[in-house]
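The structure under discussion appears below in the form of structure tokens.
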Amino acid sequence: MQLVARQSVGSVRRCTQARAAGAKPVVAQRAPVQRKLVVLRATEEAAADAAAEPAAEQQAEATLSPLEQAKLALESETVDKNVLTAALAGLEAEMGRLQSAASAAESRASALEASVASAKDQFIRLTADFDNFRRRTREESAQITDNVRSDVIKELLPLVDNFELARTQVKAETESEQKINNSYQSLYKQMVDLMRSLGVEAVPTTGSPFDPNFHDAIMREPSSSHPDGTVLQEFRKGFQLGGKLIRPAMVKVSFTEDGPANSSEE
């Protein structure tokens, strides 16, 4: 502290003496010193930049790919064997890495193809199963509808038999009886139209060949004017729904007297 104070006092005295003697200020004498400092700093910065350039080049070379490093080594005027060897080693390592990546990609692609094929096969099976289920459900629904319709129609068939019996038995003699008969037959016609709208059909009987699938033969009668096995008379109507028999028809069937005799002779 005392030394700094003495130096300051000495500087003040010298400045005062210089001013008294008419000398230039001390500040003017420092200008060459500052220029030297600036030049010195510029020289140091240039040296620092020059020292940093190899480091930057090394860093830039480190960021290059092995192929680019090999190209730079070949393009340089003086080929360094060590640099070229290092570049080739880097290339080999890079090729190995690329081959490993390609093998891994092929494995993943194969796994994905197998997964896609399995998913496609599963989708096709599910689609086929759904189509079969939809077709089976539709058929079952139609079958249930036909069965319910057949059951309802079977319950109505005794009414049809009564109407048929009344139509053949009732003989209207007076005008009032005729009116009653007409009303009665009108109701019967409405029932027949309703059953036809439901798809009900009468089984062909009189004059048609006997079919055990649709006819129930309760009588046989010899006839020379009809072929053997012809339905001669209908005792009760038979009905079918969509080709399915609801009730067979009760009929009388013809036969020829020569038939059994010929068959016995044979």
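Chain labels A, B, ... are given in the sequence in which chains occur in the structure tokens; within each chain residues are numbered consecutively from 1, and ligands are likewise numbered from 1 in the order shown.
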
field: Shell of 12 Å around region 160-164 of chain A, only C-alpha atoms, local chain residues under 4 positions omitted, as an MDAnalysis selection string
entry: chainID A and resid 153:156 168:170 181 183:195 202 234:239 249:250

With C-alpha atoms retained, write the just-selected residues as a PDB file, in the first residue's frame.
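Contents of again-v4.pdb, freshly written:
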```
ATOM      1  CA  ILE A 153    -101.914 -74.211 -41.447  1.00  0.00           C
ATOM      2  CA  LYS A 154    -102.303 -77.674 -39.915  1.00  0.00           C
ATOM      3  CA  GLU A 155    -104.481 -76.136 -37.210  1.00  0.00           C
ATOM      4  CA  LEU A 156    -106.665 -74.557 -39.913  1.00  0.00           C
ATOM      5  CA  THR A 168    -120.916 -81.200 -50.798  1.00  0.00           C
ATOM      6  CA  GLN A 169    -123.658 -81.864 -48.249  1.00  0.00           C
ATOM      7  CA  VAL A 170    -125.678 -78.666 -48.082  1.00  0.00           C
ATOM      8  CA  ASN A 181    -125.056 -70.925 -48.479  1.00  0.00           C
ATOM      9  CA  SER A 183    -122.349 -66.331 -47.358  1.00  0.00           C
ATOM     10  CA  TYR A 184    -120.910 -69.628 -46.199  1.00  0.00           C
ATOM     11  CA  GLN A 185    -119.118 -70.201 -49.496  1.00  0.00           C
ATOM     12  CA  SER A 186    -117.846 -66.602 -49.490  1.00  0.00           C
ATOM     13  CA  LEU A 187    -116.114 -67.241 -46.162  1.00  0.00           C
ATOM     14  CA  TYR A 188    -114.665 -70.466 -47.573  1.00  0.00           C
ATOM     15  CA  LYS A 189    -113.340 -68.603 -50.609  1.00  0.00           C
ATOM     16  CA  GLN A 190    -111.656 -66.027 -48.365  1.00  0.00           C
ATOM     17  CA  MET A 191    -109.933 -68.827 -46.441  1.00  0.00           C
ATOM     18  CA  VAL A 192    -108.744 -70.483 -49.661  1.00  0.00           C
ATOM     19  CA  ASP A 193    -107.346 -67.168 -50.944  1.00  0.00           C
ATOM     20  CA  LEU A 194    -105.568 -66.608 -47.619  1.00  0.00           C
ATOM     21  CA  MET A 195    -103.938 -70.049 -47.744  1.00  0.00           C
ATOM     22  CA  ALA A 202    -103.590 -78.556 -52.874  1.00  0.00           C
ATOM     23  CA  GLU A 234    -110.600 -87.818 -53.273  1.00  0.00           C
ATOM     24  CA  PHE A 235    -111.977 -88.259 -49.760  1.00  0.00           C
ATOM     25  CA  ARG A 236    -109.894 -85.600 -48.028  1.00  0.00           C
ATOM     26  CA  LYS A 237    -107.777 -82.867 -49.542  1.00  0.00           C
ATOM     27  CA  GLY A 238    -104.031 -82.924 -49.162  1.00  0.00           C
ATOM     28  CA  PHE A 239    -101.856 -79.802 -48.951  1.00  0.00           C
ATOM     29  CA  ALA A 249    -104.618 -86.645 -49.503  1.00  0.00           C
ATOM     30  CA  MET A 250    -106.958 -89.578 -48.772  1.00  0.00           C
TER      31      MET A 250
END
```

- request: Select from region 94-249 of chain A everything DSSP, run on the backbone, classes as alpha helix (DSSP H), then give the selection as a PyMOL selection string.
  value: chain A and resi 94-169+175-197

Atom pair CA of Leu159 (chain A) / CA of Ile180 (chain A): separation (Å):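 Distance between the two atoms: 17.5 Å.
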
task: Quote the spacing between CA of Ala114 (chain A) and CA of Thr127 (chain A) in Å to one decimal place.
output: 19.7 Å

- request: DSSP on the backbone, then: every residue of region 119-234 of chain A marked strand (DSSP E or B), written as a list in words.
  value: Val200, Glu201, Ala202, Pro209, His215, Asp216, Ala217, Ile218, Met219, Arg220, Glu221, Pro222, Thr230, Val231, Leu232, Gln233 and Glu234 of chain A
